[in-house]
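Asker: See entry_27.tsv below, with TSV, C-alpha atoms.
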chain	number	residue	atom	x	y	z
A	1	MET	CA	69.86	-52.16	70.09
A	2	PRO	CA	68.64	-54.31	73.00
A	3	ALA	CA	70.79	-57.24	74.04
A	4	PHE	CA	69.95	-60.58	72.47
A	5	ARG	CA	67.88	-62.87	74.62
A	6	PRO	CA	68.55	-66.58	75.15
A	7	ARG	CA	66.73	-69.02	72.93
A	8	HIS	CA	63.83	-70.96	74.45
A	9	LEU	CA	62.24	-73.97	72.79
A	10	CYS	CA	58.55	-73.50	72.19
A	11	SER	CA	56.32	-75.93	74.09
A	12	VAL	CA	53.63	-77.88	72.32
A	13	ALA	CA	50.97	-75.97	74.28
A	14	ALA	CA	52.33	-72.65	73.10
A	15	ALA	CA	52.55	-73.95	69.59
A	16	LEU	CA	48.91	-74.97	69.58
A	17	ALA	CA	47.94	-71.48	70.71
A	18	LEU	CA	49.39	-70.00	67.53
A	19	THR	CA	46.79	-70.06	64.81
A	20	VAL	CA	46.76	-67.92	61.68
A	21	ALA	CA	49.95	-66.00	62.23
A	22	ALA	CA	52.12	-69.02	63.00
A	23	PRO	CA	50.33	-72.34	62.40
A	24	ALA	CA	53.57	-74.08	61.46
A	25	THR	CA	54.47	-74.30	65.15
A	26	ALA	CA	51.50	-76.50	65.90
A	27	ALA	CA	51.95	-78.48	62.74
A	28	THR	CA	55.58	-79.30	63.19
A	29	ALA	CA	55.62	-79.75	66.96
A	30	ALA	CA	54.11	-83.22	66.67
A	31	GLY	CA	56.85	-84.39	64.36
A	32	ALA	CA	59.53	-82.67	66.37
A	33	ALA	CA	58.41	-84.37	69.57
A	34	SER	CA	59.44	-87.76	68.22
A	35	ASP	CA	63.01	-86.68	67.68
A	36	THR	CA	63.59	-83.26	69.20
A	37	ALA	CA	67.33	-83.67	69.44
A	38	ALA	CA	67.59	-84.15	65.67
A	39	LEU	CA	65.52	-81.11	64.71
A	40	ARG	CA	65.97	-77.38	65.00
A	41	GLU	CA	63.15	-74.87	65.11
A	42	VAL	CA	63.52	-72.09	62.53
A	43	LEU	CA	61.64	-69.38	60.70
A	44	PHE	CA	61.16	-69.73	56.94
A	45	VAL	CA	61.01	-66.35	55.14
A	46	GLY	CA	59.61	-66.46	51.60
A	47	ASN	CA	61.26	-63.94	49.28
A	48	ASN	CA	58.49	-63.71	46.72
A	49	TRP	CA	60.19	-61.75	43.96
A	50	ASP	CA	63.54	-63.55	43.80
A	51	GLY	CA	62.22	-67.08	44.34
A	52	THR	CA	64.14	-67.95	47.49
A	53	ALA	CA	63.40	-68.70	51.11
A	54	ASP	CA	65.75	-67.62	53.87
A	55	VAL	CA	65.92	-69.83	56.93
A	56	ILE	CA	66.70	-67.95	60.14
A	57	ARG	CA	66.79	-68.73	63.84
A	58	SER	CA	63.34	-68.68	65.42
A	59	THR	CA	64.39	-66.67	68.49
A	60	GLY	CA	67.26	-64.63	69.93
A	61	ASP	CA	69.34	-62.97	67.23
A	62	PHE	CA	67.24	-64.44	64.35
A	63	ALA	CA	70.50	-65.03	62.49
A	64	LYS	CA	70.45	-66.51	59.01
A	65	ILE	CA	71.10	-70.25	58.85
A	66	GLY	CA	70.71	-70.98	55.14
A	67	ARG	CA	68.85	-70.21	51.92
A	68	ILE	CA	66.72	-72.33	49.59
A	69	ASP	CA	66.10	-71.85	45.88
A	70	VAL	CA	62.35	-72.48	45.58
A	71	ILE	CA	62.34	-72.42	41.76
A	72	PRO	CA	65.03	-74.99	40.83
A	73	ASP	CA	62.75	-76.13	37.99
A	74	LYS	CA	62.26	-72.63	36.57
A	75	ALA	CA	63.44	-73.53	33.06
A	76	ALA	CA	60.91	-76.36	32.76
A	77	ARG	CA	58.06	-74.25	34.13
A	78	MET	CA	58.84	-71.34	31.80
A	79	ALA	CA	58.94	-73.69	28.82
A	80	GLU	CA	55.43	-74.89	29.70
A	81	ILE	CA	54.15	-71.34	30.13
A	82	ASN	CA	55.69	-70.09	26.88
A	83	ALA	CA	54.13	-73.03	25.02
A	84	ASP	CA	50.60	-72.25	26.22
A	85	PRO	CA	49.11	-68.85	25.25
A	86	ILE	CA	46.57	-68.85	28.08
A	87	LYS	CA	49.17	-69.69	30.72
A	88	TRP	CA	51.45	-67.02	29.27
A	89	ILE	CA	48.69	-64.39	29.50
A	90	TYR	CA	48.03	-65.24	33.15
A	91	PHE	CA	51.76	-65.30	33.93
A	92	GLN	CA	52.09	-61.77	32.52
A	93	ALA	CA	48.93	-60.64	34.31
A	94	ILE	CA	50.33	-61.80	37.66
A	95	ARG	CA	53.61	-60.02	36.95
A	96	ASN	CA	51.96	-56.74	35.96
A	97	GLY	CA	49.07	-56.88	38.42
A	98	VAL	CA	49.43	-58.34	41.92
A	99	GLY	CA	53.18	-58.76	41.35
A	100	GLU	CA	53.73	-55.01	40.91
A	101	GLY	CA	55.96	-55.67	37.89
A	102	HIS	CA	57.63	-58.75	39.41
A	103	ASP	CA	57.06	-62.49	39.19
A	104	GLN	CA	55.66	-64.15	42.32
A	105	PHE	CA	57.67	-67.26	43.15
A	106	ALA	CA	57.32	-67.79	46.91
A	107	ASP	CA	53.99	-66.99	48.49
A	108	ASP	CA	53.73	-69.43	51.40
A	109	MET	CA	55.67	-72.34	52.89
A	110	TYR	CA	55.62	-75.03	55.61
A	111	SER	CA	58.12	-77.68	56.58
A	112	THR	CA	57.18	-81.34	56.92
A	113	PRO	CA	56.96	-82.70	60.49
A	114	ASP	CA	60.26	-84.57	60.11
A	115	GLY	CA	62.09	-81.45	58.92
A	116	THR	CA	63.30	-83.05	55.70
A	117	SER	CA	61.28	-80.99	53.21
A	118	VAL	CA	59.59	-77.63	52.76
A	119	VAL	CA	56.36	-77.18	50.81
A	120	VAL	CA	56.01	-73.91	48.87
A	121	SER	CA	53.14	-72.30	46.95
A	122	ARG	CA	54.32	-70.46	43.82
A	123	PRO	CA	51.75	-68.00	42.40
A	124	SER	CA	53.38	-67.37	39.01
A	125	PHE	CA	53.80	-71.10	38.38
A	126	ALA	CA	50.28	-71.95	39.66
A	127	ASP	CA	51.56	-74.81	41.75
A	128	VAL	CA	52.74	-76.21	45.05
A	129	VAL	CA	56.08	-78.00	45.30
A	130	SER	CA	57.86	-80.00	47.97
A	131	LEU	CA	61.61	-79.36	48.10
A	132	ASP	CA	64.15	-81.66	49.71
A	133	LEU	CA	65.95	-79.55	52.31
A	134	ALA	CA	69.14	-81.61	52.01
A	135	THR	CA	69.52	-81.38	48.23
A	136	GLY	CA	67.13	-78.65	47.10
A	137	ALA	CA	65.54	-81.05	44.60
A	138	VAL	CA	61.80	-81.18	43.88
A	139	ASN	CA	60.12	-84.09	45.66
A	140	TRP	CA	56.71	-83.54	44.12
A	141	ARG	CA	54.72	-80.89	42.30
A	142	PHE	CA	50.98	-80.23	42.37
A	143	PRO	CA	49.54	-77.86	39.72
A	144	VAL	CA	46.54	-76.09	41.22
A	145	SER	CA	43.28	-75.51	39.40
A	146	GLY	CA	43.34	-72.33	37.37
A	147	TYR	CA	46.37	-70.10	37.02
A	148	ARG	CA	47.56	-68.92	40.44
A	149	ALA	CA	48.44	-70.46	43.82
A	150	ASP	CA	48.17	-68.36	46.97
A	151	HIS	CA	48.10	-68.68	50.79
A	152	MET	CA	48.38	-72.05	52.49
A	153	ALA	CA	47.69	-73.59	55.90
A	154	VAL	CA	48.96	-76.76	57.49
A	155	SER	CA	46.87	-79.06	59.68
A	156	PRO	CA	47.74	-79.25	63.39
A	157	ASP	CA	49.17	-82.76	62.97
A	158	GLY	CA	51.37	-81.54	60.11
A	159	LYS	CA	50.05	-84.16	57.67
A	160	ARG	CA	48.00	-82.01	55.29
A	161	VAL	CA	48.49	-78.67	53.60
A	162	ALA	CA	45.67	-76.54	52.17
A	163	VAL	CA	46.34	-74.12	49.30
A	164	SER	CA	44.12	-71.49	47.71
A	165	ALA	CA	43.79	-71.68	43.92
A	166	SER	CA	42.83	-68.05	43.56
A	167	THR	CA	41.59	-67.95	39.96
A	168	ALA	CA	39.60	-71.19	40.31
A	169	ASN	CA	37.76	-70.32	43.57
A	170	THR	CA	38.98	-73.60	45.00
A	171	VAL	CA	41.02	-74.82	47.95
A	172	HIS	CA	43.04	-78.01	47.46
A	173	VAL	CA	44.05	-80.08	50.47
A	174	LEU	CA	47.16	-82.20	49.90
A	175	ASP	CA	49.03	-84.92	51.72
A	176	ILE	CA	52.17	-83.04	52.76
A	177	VAL	CA	54.48	-86.03	52.18
A	178	THR	CA	53.17	-87.33	48.84
A	179	GLY	CA	51.53	-84.23	47.32
A	180	LYS	CA	48.40	-86.24	46.52
A	181	GLN	CA	45.09	-84.41	46.83
A	182	VAL	CA	42.98	-85.69	49.72
A	183	GLY	CA	40.13	-83.25	49.16
A	184	SER	CA	39.02	-79.89	47.82
A	185	PHE	CA	36.17	-77.45	48.20
A	186	ALA	CA	34.62	-74.41	46.52
A	187	THR	CA	35.02	-70.92	47.97
A	188	GLY	CA	34.00	-67.35	47.29
A	189	ASP	CA	35.85	-65.26	44.70
A	190	LYS	CA	39.66	-65.26	44.98
A	191	PRO	CA	40.30	-67.50	48.01
A	192	HIS	CA	43.14	-66.15	50.12
A	193	GLU	CA	43.90	-66.99	53.75
A	194	ASN	CA	43.29	-70.51	55.16
A	195	ILE	CA	43.09	-71.48	58.84
A	196	PHE	CA	42.72	-74.89	60.46
A	197	THR	CA	41.12	-74.89	63.90
A	198	LYS	CA	43.58	-76.15	66.48
A	199	ASP	CA	41.69	-79.43	66.93
A	200	GLY	CA	41.96	-80.02	63.19
A	201	LYS	CA	38.19	-80.44	62.75
A	202	TYR	CA	37.45	-77.39	60.63
A	203	LEU	CA	39.14	-75.36	57.92
A	204	TYR	CA	38.33	-71.69	57.33
A	205	ASN	CA	38.93	-69.95	54.00
A	206	MET	CA	38.71	-66.20	53.42
A	207	ALA	CA	37.81	-65.11	49.88
A	208	ILE	CA	38.90	-61.51	49.19
A	209	GLY	CA	37.46	-60.87	45.72
A	210	ASP	CA	39.13	-58.85	42.98
A	211	VAL	CA	41.87	-56.79	44.59
A	212	ASN	CA	43.67	-55.66	41.43
A	213	THR	CA	40.93	-53.51	39.92
A	214	SER	CA	40.69	-49.74	40.32
A	215	LEU	CA	37.00	-49.84	41.24
A	216	ASP	CA	37.86	-49.06	44.84
A	217	ALA	CA	35.27	-46.44	45.85
A	218	PRO	CA	32.82	-47.66	48.53
A	219	TRP	CA	29.86	-47.38	46.16
A	220	LEU	CA	31.63	-49.74	43.74
A	221	ASP	CA	32.41	-52.30	46.42
A	222	TRP	CA	29.87	-54.72	44.97
A	223	THR	CA	32.08	-55.12	41.87
A	224	LYS	CA	34.76	-56.87	43.90
A	225	GLY	CA	32.87	-60.17	43.85
A	226	ASP	CA	31.65	-62.77	46.32
A	227	ARG	CA	33.73	-62.26	49.46
A	228	ARG	CA	32.96	-64.59	52.31
A	229	ILE	CA	34.43	-66.95	54.85
A	230	THR	CA	33.80	-70.58	53.96
A	231	VAL	CA	34.03	-73.11	56.81
A	232	VAL	CA	34.31	-76.80	55.93
A	233	ASP	CA	34.64	-80.07	57.79
A	234	ALA	CA	38.37	-80.82	57.50
A	235	THR	CA	37.71	-84.55	57.03
A	236	THR	CA	34.86	-84.57	54.52
A	237	PHE	CA	35.49	-81.06	53.09
A	238	GLN	CA	31.75	-80.45	53.15
A	239	GLN	CA	30.67	-76.88	53.85
A	240	VAL	CA	29.34	-76.36	57.36
A	241	ARG	CA	28.98	-72.59	57.41
A	242	THR	CA	29.57	-69.38	55.49
A	243	ILE	CA	30.10	-65.94	57.03
A	244	ASP	CA	29.59	-62.79	54.98
A	245	MET	CA	30.97	-59.82	56.89
A	246	ARG	CA	28.93	-57.44	54.72
A	247	GLN	CA	25.83	-57.95	56.88
A	248	ARG	CA	27.86	-57.82	60.10
A	249	LEU	CA	29.53	-54.53	59.09
A	250	ASP	CA	26.24	-53.04	57.96
A	251	ALA	CA	24.70	-53.96	61.33
A	252	ILE	CA	27.16	-51.68	63.15
A	253	GLY	CA	26.85	-48.82	60.68
A	254	LEU	CA	29.98	-49.53	58.65
A	255	GLY	CA	28.42	-49.94	55.23
A	256	ASP	CA	31.33	-48.14	53.55
A	257	TYR	CA	33.87	-50.63	54.84
A	258	SER	CA	35.01	-53.54	52.70
A	259	ASP	CA	33.97	-57.06	53.69
A	260	ALA	CA	37.08	-58.63	52.16
A	261	VAL	CA	38.64	-60.45	55.13
A	262	ARG	CA	42.45	-60.42	54.87
A	263	PRO	CA	44.86	-61.84	57.52
A	264	ALA	CA	43.05	-63.08	60.60
A	265	VAL	CA	43.83	-64.81	63.89
A	266	PHE	CA	41.76	-66.69	66.45
A	267	SER	CA	41.94	-66.11	70.19
A	268	PRO	CA	43.50	-69.10	72.02
A	269	ASP	CA	40.05	-70.50	72.89
A	270	GLU	CA	38.82	-69.79	69.34
A	271	SER	CA	35.81	-67.85	70.61
A	272	LYS	CA	36.94	-64.65	68.88
A	273	LEU	CA	38.30	-63.94	65.41
A	274	TYR	CA	40.39	-60.83	64.80
A	275	PHE	CA	40.65	-59.78	61.18
A	276	GLN	CA	41.72	-57.05	58.78
A	277	VAL	CA	39.76	-55.95	55.71
A	278	SER	CA	40.70	-54.21	52.49
A	279	PHE	CA	41.38	-50.44	52.67
A	280	PHE	CA	41.04	-50.18	56.47
A	281	ASN	CA	43.78	-49.01	58.83
A	282	GLY	CA	42.81	-51.22	61.74
A	283	PHE	CA	41.06	-54.49	62.55
A	284	PHE	CA	37.86	-56.00	63.95
A	285	GLU	CA	36.90	-58.45	66.68
A	286	TYR	CA	34.22	-61.00	65.74
A	287	ASP	CA	32.44	-63.18	68.30
A	288	LEU	CA	31.69	-66.60	66.84
A	289	ALA	CA	28.98	-67.51	69.36
A	290	THR	CA	26.89	-64.37	68.85
A	291	ASP	CA	27.83	-64.03	65.16
A	292	LYS	CA	28.56	-60.32	65.64
A	293	ILE	CA	31.41	-57.88	65.23
A	294	THR	CA	31.94	-56.83	68.83
A	295	ARG	CA	34.77	-54.28	68.62
A	296	THR	CA	36.58	-52.12	66.06
A	297	LYS	CA	40.13	-50.85	66.39
A	298	THR	CA	41.11	-47.94	64.16
A	299	LEU	CA	44.86	-47.39	64.01
A	300	PRO	CA	46.69	-44.19	63.09
A	301	LYS	CA	47.08	-43.08	59.51
A	302	ASN	CA	50.51	-42.14	58.27
A	303	PRO	CA	50.26	-38.50	57.09
A	304	ALA	CA	52.55	-39.40	54.20
A	305	THR	CA	50.19	-42.14	52.98
A	306	SER	CA	47.64	-41.12	50.38
A	307	ASP	CA	43.99	-41.84	51.14
A	308	ASP	CA	43.52	-42.67	47.46
A	309	ARG	CA	42.43	-46.31	47.63
A	310	THR	CA	43.80	-47.04	44.16
A	311	THR	CA	47.32	-46.50	45.53
A	312	PHE	CA	47.03	-49.30	48.11
A	313	VAL	CA	48.88	-52.45	47.05
A	314	ASN	CA	46.26	-55.07	46.18
A	315	ASP	CA	43.66	-53.14	48.23
A	316	SER	CA	45.46	-53.92	51.49
A	317	ARG	CA	46.07	-50.85	53.64
A	318	HIS	CA	47.01	-53.09	56.60
A	319	HIS	CA	48.06	-56.68	55.91
A	320	GLY	CA	49.48	-58.83	58.69
A	321	LEU	CA	48.13	-59.88	62.08
A	322	SER	CA	49.49	-62.15	64.81
A	323	MET	CA	48.78	-62.87	68.47
A	324	LYS	CA	51.00	-63.56	71.46
A	325	PRO	CA	50.44	-67.23	72.43
A	326	ASP	CA	48.77	-66.33	75.74
A	327	GLY	CA	46.25	-64.19	73.85
A	328	SER	CA	47.14	-60.95	75.63
A	329	LYS	CA	48.60	-58.97	72.72
A	330	LEU	CA	47.99	-58.53	69.01
A	331	CYS	CA	50.62	-57.41	66.52
A	332	VAL	CA	49.52	-55.48	63.44
A	333	ALA	CA	51.42	-54.86	60.21
A	334	GLY	CA	50.33	-51.43	59.01
A	335	THR	CA	51.42	-52.10	55.44
A	336	MET	CA	50.68	-48.90	53.52
A	337	ASP	CA	51.21	-46.74	56.62
A	338	ASP	CA	54.77	-48.07	57.07
A	339	TYR	CA	54.64	-49.21	60.67
A	340	ALA	CA	53.87	-52.14	62.94
A	341	VAL	CA	52.29	-51.90	66.36
A	342	VAL	CA	51.45	-54.11	69.35
A	343	VAL	CA	47.90	-53.76	70.69
A	344	ASP	CA	46.61	-54.96	74.07
A	345	ARG	CA	43.77	-57.38	73.33
A	346	ALA	CA	41.74	-56.61	76.45
A	347	THR	CA	41.79	-52.82	76.20
A	348	PHE	CA	42.73	-52.27	72.52
A	349	GLN	CA	45.32	-49.82	73.79
A	350	GLN	CA	48.07	-49.51	71.19
A	351	GLY	CA	51.78	-49.36	71.90
A	352	PRO	CA	54.43	-47.30	70.10
A	353	LEU	CA	54.39	-47.26	66.30
A	354	VAL	CA	57.47	-49.10	65.03
A	355	SER	CA	58.62	-47.70	61.71
A	356	ALA	CA	58.73	-50.36	58.99
A	357	ALA	CA	58.91	-50.34	55.18
A	358	LYS	CA	55.70	-51.85	53.79
A	359	PRO	CA	55.36	-54.62	56.39
A	360	TYR	CA	53.51	-57.46	54.69
A	361	TRP	CA	53.06	-60.14	57.35
A	362	ALA	CA	53.22	-60.70	61.09
A	363	THR	CA	53.99	-63.93	62.91
A	364	VAL	CA	55.36	-65.01	66.30
A	365	SER	CA	58.84	-66.06	67.36
A	366	GLY	CA	59.47	-69.60	68.54
A	367	ASP	CA	59.51	-68.60	72.19
A	368	GLY	CA	56.37	-66.48	71.78
A	369	ARG	CA	58.07	-63.32	73.09
A	370	ASP	CA	58.36	-61.39	69.82
A	371	CYS	CA	56.21	-60.44	66.89
A	372	VAL	CA	58.15	-60.95	63.66
A	373	ILE	CA	57.16	-58.87	60.64
A	374	SER	CA	58.35	-59.03	57.05
A	375	GLU	CA	59.37	-55.63	55.68
A	376	SER	CA	58.78	-56.12	51.98
A	377	GLY	CA	59.95	-52.59	51.21
A	378	ALA	CA	63.30	-52.99	52.99
A	379	ASP	CA	64.06	-56.70	52.35
A	380	GLN	CA	64.34	-57.54	56.00
A	381	VAL	CA	62.43	-59.10	58.87
A	382	THR	CA	62.06	-57.24	62.15
A	383	ALA	CA	61.34	-58.53	65.64
A	384	ILE	CA	59.18	-56.47	68.02
A	385	ASP	CA	58.94	-57.27	71.73
A	386	PHE	CA	55.35	-58.09	72.68
A	387	ALA	CA	55.95	-56.88	76.24
A	388	THR	CA	57.26	-53.41	75.39
A	389	GLY	CA	56.08	-52.89	71.83
A	390	GLN	CA	59.61	-51.81	70.95
A	391	LYS	CA	61.78	-53.00	68.07
A	392	VAL	CA	64.33	-55.66	69.03
A	393	LEU	CA	66.32	-56.00	65.81
A	394	SER	CA	66.15	-56.42	62.01
A	395	VAL	CA	67.73	-59.12	59.85
A	396	PRO	CA	68.34	-58.75	56.08
A	397	VAL	CA	66.70	-61.32	53.78
A	398	GLY	CA	65.93	-61.60	50.05
A	399	ASP	CA	63.82	-59.59	47.61
A	400	HIS	CA	60.30	-58.77	48.84
A	401	PRO	CA	59.80	-61.01	51.88
A	402	GLN	CA	56.17	-61.87	52.50
A	403	ARG	CA	55.06	-64.94	54.46
A	404	VAL	CA	57.10	-65.92	57.53
A	405	ARG	CA	56.37	-69.33	59.05
A	406	LEU	CA	57.76	-71.38	61.92
A	407	GLY	CA	59.06	-74.82	61.02
A	408	HIS	CA	61.89	-77.29	61.52
A	409	VAL	CA	65.07	-78.40	59.80
A	410	ALA	CA	67.71	-80.97	60.73
A	411	ALA	CA	69.77	-79.77	63.68
A	412	ASP	CA	72.95	-79.49	61.60
A	413	TRP	CA	71.30	-78.03	58.48
A	414	THR	CA	72.95	-75.02	56.86
A	415	GLY	CA	71.44	-75.20	53.37
A	416	PRO	CA	70.95	-77.63	50.48
A	417	HIS	CA	73.95	-79.34	48.92
A	418	ALA	CA	74.29	-81.26	45.66
A	419	SER	CA	73.15	-84.87	45.90
Any chance you could put this one into structure tokens?
Answerer:
Amino acid sequence: MPAFRPRHLCSVAAALALTVAAPATAATAAGAASDTAALREVLFVGNNWDGTADVIRSTGDFAKIGRIDVIPDKAARMAEINADPIKWIYFQAIRNGVGEGHDQFADDMYSTPDGTSVVVSRPSFADVVSLDLATGAVNWRFPVSGYRADHMAVSPDGKRVAVSASTANTVHVLDIVTGKQVGSFATGDKPHENIFTKDGKYLYNMAIGDVNTSLDAPWLDWTKGDRRITVVDATTFQQVRTIDMRQRLDAIGLGDYSDAVRPAVFSPDESKLYFQVSFFNGFFEYDLATDKITRTKTLPKNPATSDDRTTFVNDSRHHGLSMKPDGSKLCVAGTMDDYAVVVDRATFQQGPLVSAAKPYWATVSGDGRDCVISESGADQVTAIDFATGQKVLSVPVGDHPQRVRLGHVAADWTGPHAS
């Protein structure tokens, strides 16, 4: 195992360069700047199936600092669900569908700029909650429209958080401190990933359609629903643009490829968007100015992975994409192929395949030197050196880690304690 490297604090400029894979850096840097000595940069790891979030160091040895129970109100939520037949049906559908037989309690999370709270989306409870990091208590709760909460994004100033209400085709935007809704907008079917532009002016939402059906053959792709990118003004929440990748894929002869945009990341100047789609072992480069897909990167298939699309978890062959802050490297989580890999952005030359058990997400370390993936099949997170493409180390976490986000806690924080 390589020697641990010294910890470096991330600069605000580097933080702003992180977009989809690690937007929490940009969001929390503003708050941290006012009182850097009192705050500590960390990585929050959401353990979706056991309803916890592990907090680990953001660089170096990535050692565990503390753990948060993100469902302290589970008894009350279950009482509500059991009292409502429709909510109970959806709860069971989430468990037996996208949850692969498990409840989904921790999809996404961001800390507040002052490092006192963490905001968590909870799919099975169809809500977003703010948890006090000192006590673990619920500060506020926002039930989303419909019956399932999904991916979130935080604005660059750290003041607002956007959450996808996946069964209501809606994105809610909330005040991160009060939990009050400041706006919302309609999306395509099953909104998923959200991205604020780094100037905070626009918000992108990717709708992925129905990913838990077995109608996965290319000729049945139309049954998956309305899958498009919706771009809104982040102040008025009025739609300014939609992008349907179906036409863009067809234009380059890829009519059999899905247009369901999964994880995505902007280049530092936001002129290019790199994105994954359902069923595909690779990713695309999209030029915003010309409105065209300019390059395709196909990554290796694992010989042990079936090509039967119905065996891919929620249609995602590869799910997880991040970029080194200087824009020189991409890091790809090859979910169903059980590896992660660093790819040179200029040449699309891939590095060594790093073995990983169902990697589900990719983000960036606080110092920008490592790609950090969540291995949902091994209950650990793994750091990969952007420079060499080689594994640095792995750290055990809870059951089925998914989203990993940079954030802040109090400098002396080691976990919640009773108030």
Asker: My list of candidates is A:Leu321, A:Ala126, A:Val177, A:Ala134. Which is closest to Pro113 of chain A when distances are computed with all atoms listed in the file?
Answerer: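 Among the listed residues, A:Val177 lies closest to Pro113 of chain A.
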Asker: Can you tell me, as number ranges by chain, what residues are no more than 6 Å from segment 327-341 of chain A when counting all atoms listed in the file, ignoring any on the same chain fewer than 3 positions away?
Answerer: A: 267-268, 302, 305, 317-324, 344-345, 353-360
Asker: To one decimal place, how far is atom CA of Lys297 of chain A from atom CA of Val265 of chain A in Å?
Answerer: 14.7 Å
Asker: Please indicate the distance in Å from atom CA of Leu39 of chain A to atom CA of Phe105 of chain A, rounded to one decimal place.
Answerer: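 Rounded to one decimal, the two atoms are 26.8 Å apart.
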Asker: How many Å separate atom CA of Arg227 of chain A from atom CA of Ser164 of chain A?
Answerer: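 Atom CA of Ser164 of chain A lies at a distance of 14.0 Å from atom CA of Arg227 of chain A.
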Asker: What are the nearest atom pairs, with distances in Å to one decimal, for all residues of segment 283-350 of chain A that come at most 7 Å from segment 211-214 of chain A, using all atoms listed in the file, set out by chain and rising residue number as JSON lines?
Answerer:
{"residue": "A:Thr310", "atom": "CA", "partner": "A:Ser214", "partner_atom": "CA", "distance": 5.6}
{"residue": "A:Asn314", "atom": "CA", "partner": "A:Val211", "partner_atom": "CA", "distance": 5.0}
{"residue": "A:Asp315", "atom": "CA", "partner": "A:Val211", "partner_atom": "CA", "distance": 5.5}
Asker: Please list as number ranges by chain every residue within 8 Å of segment 84-100 of chain A, counting all atoms listed in the file and excluding residues in the same chain fewer than 3 positions away.
Answerer: A: 80-81, 103-104, 123-125, 147, 212, 313-314
Asker: Atoms to include: C-alpha atoms. Write the selected residues as a PDB file, keeping the file's coordinate frame.
Answerer:
ATOM      1  CA  GLU A  80      55.430 -74.890  29.700  1.00  0.00           C
ATOM      2  CA  ILE A  81      54.150 -71.340  30.130  1.00  0.00           C
ATOM      3  CA  ASP A 103      57.060 -62.490  39.190  1.00  0.00           C
ATOM      4  CA  GLN A 104      55.660 -64.150  42.320  1.00  0.00           C
ATOM      5  CA  PRO A 123      51.750 -68.000  42.400  1.00  0.00           C
ATOM      6  CA  SER A 124      53.380 -67.370  39.010  1.00  0.00           C
ATOM      7  CA  PHE A 125      53.800 -71.100  38.380  1.00  0.00           C
ATOM      8  CA  TYR A 147      46.370 -70.100  37.020  1.00  0.00           C
ATOM      9  CA  ASN A 212      43.670 -55.660  41.430  1.00  0.00           C
ATOM     10  CA  VAL A 313      48.880 -52.450  47.050  1.00  0.00           C
ATOM     11  CA  ASN A 314      46.260 -55.070  46.180  1.00  0.00           C
TER      12      ASN A 314
END
Asker: Need to verify the contact set: Ile65 of chain A, 7 Å, all atoms listed in the file, exclusion of same-chain residues closer than 3 positions in sequence. Can you return it as number ranges by chain?
Answerer: A: 55-57, 414
Asker: For the selection just defined, write its residues with C-alpha atoms to a file, as a compact mmCIF listing (two decimals), keeping the file's coordinate frame.
Answerer:
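Dumped everything to result_5.txt:
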# COMPACT_ATOMS: atom_id res chain seq x y z
CA VAL A 55 65.92 -69.83 56.93
CA ILE A 56 66.70 -67.95 60.14
CA ARG A 57 66.79 -68.73 63.84
CA THR A 414 72.95 -75.02 56.86
Asker: Show me, as a list in words, the residues that have an atom within 6 Å of Ile373 of chain A when counting all atoms listed in the file, minus same-chain residues fewer than 2 positions from it.
Answerer: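 Those residues are Trp361, Ala362, Val381 and Thr382 of chain A.
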Asker: May I have the residues within 8 Å of Arg122 of chain A as a PyMOL selection string, using all atoms listed in the file and disregarding those fewer than 6 positions away in the same chain?
Answerer: chain A and resi 104-108+128-129+148-150
Asker: Of the candidates A:Leu393, A:Ala207, A:Val144, A:Ala346, which one gets nearest to Arg262 of chain A if we count all atoms listed in the file?
Answerer: A:Ala207
Asker: Taking all atoms listed in the file into account, name the residue in A:Pro218, A:Gly51, A:Gly115, A:Gly60 that is nearest to Asp385 of chain A.
Answerer: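 Between A:Pro218, A:Gly51, A:Gly115, A:Gly60, the residue approaching Asp385 of chain A most closely is A:Gly60.
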Asker: Here is a test: counting all atoms listed in the file, which residue of A:Arg40, A:Lys64, A:Lys224, A:Arg369 is nearest to Ser394 of chain A?
Answerer: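 Among the listed residues, the smallest separation from Ser394 of chain A belongs to A:Lys64.
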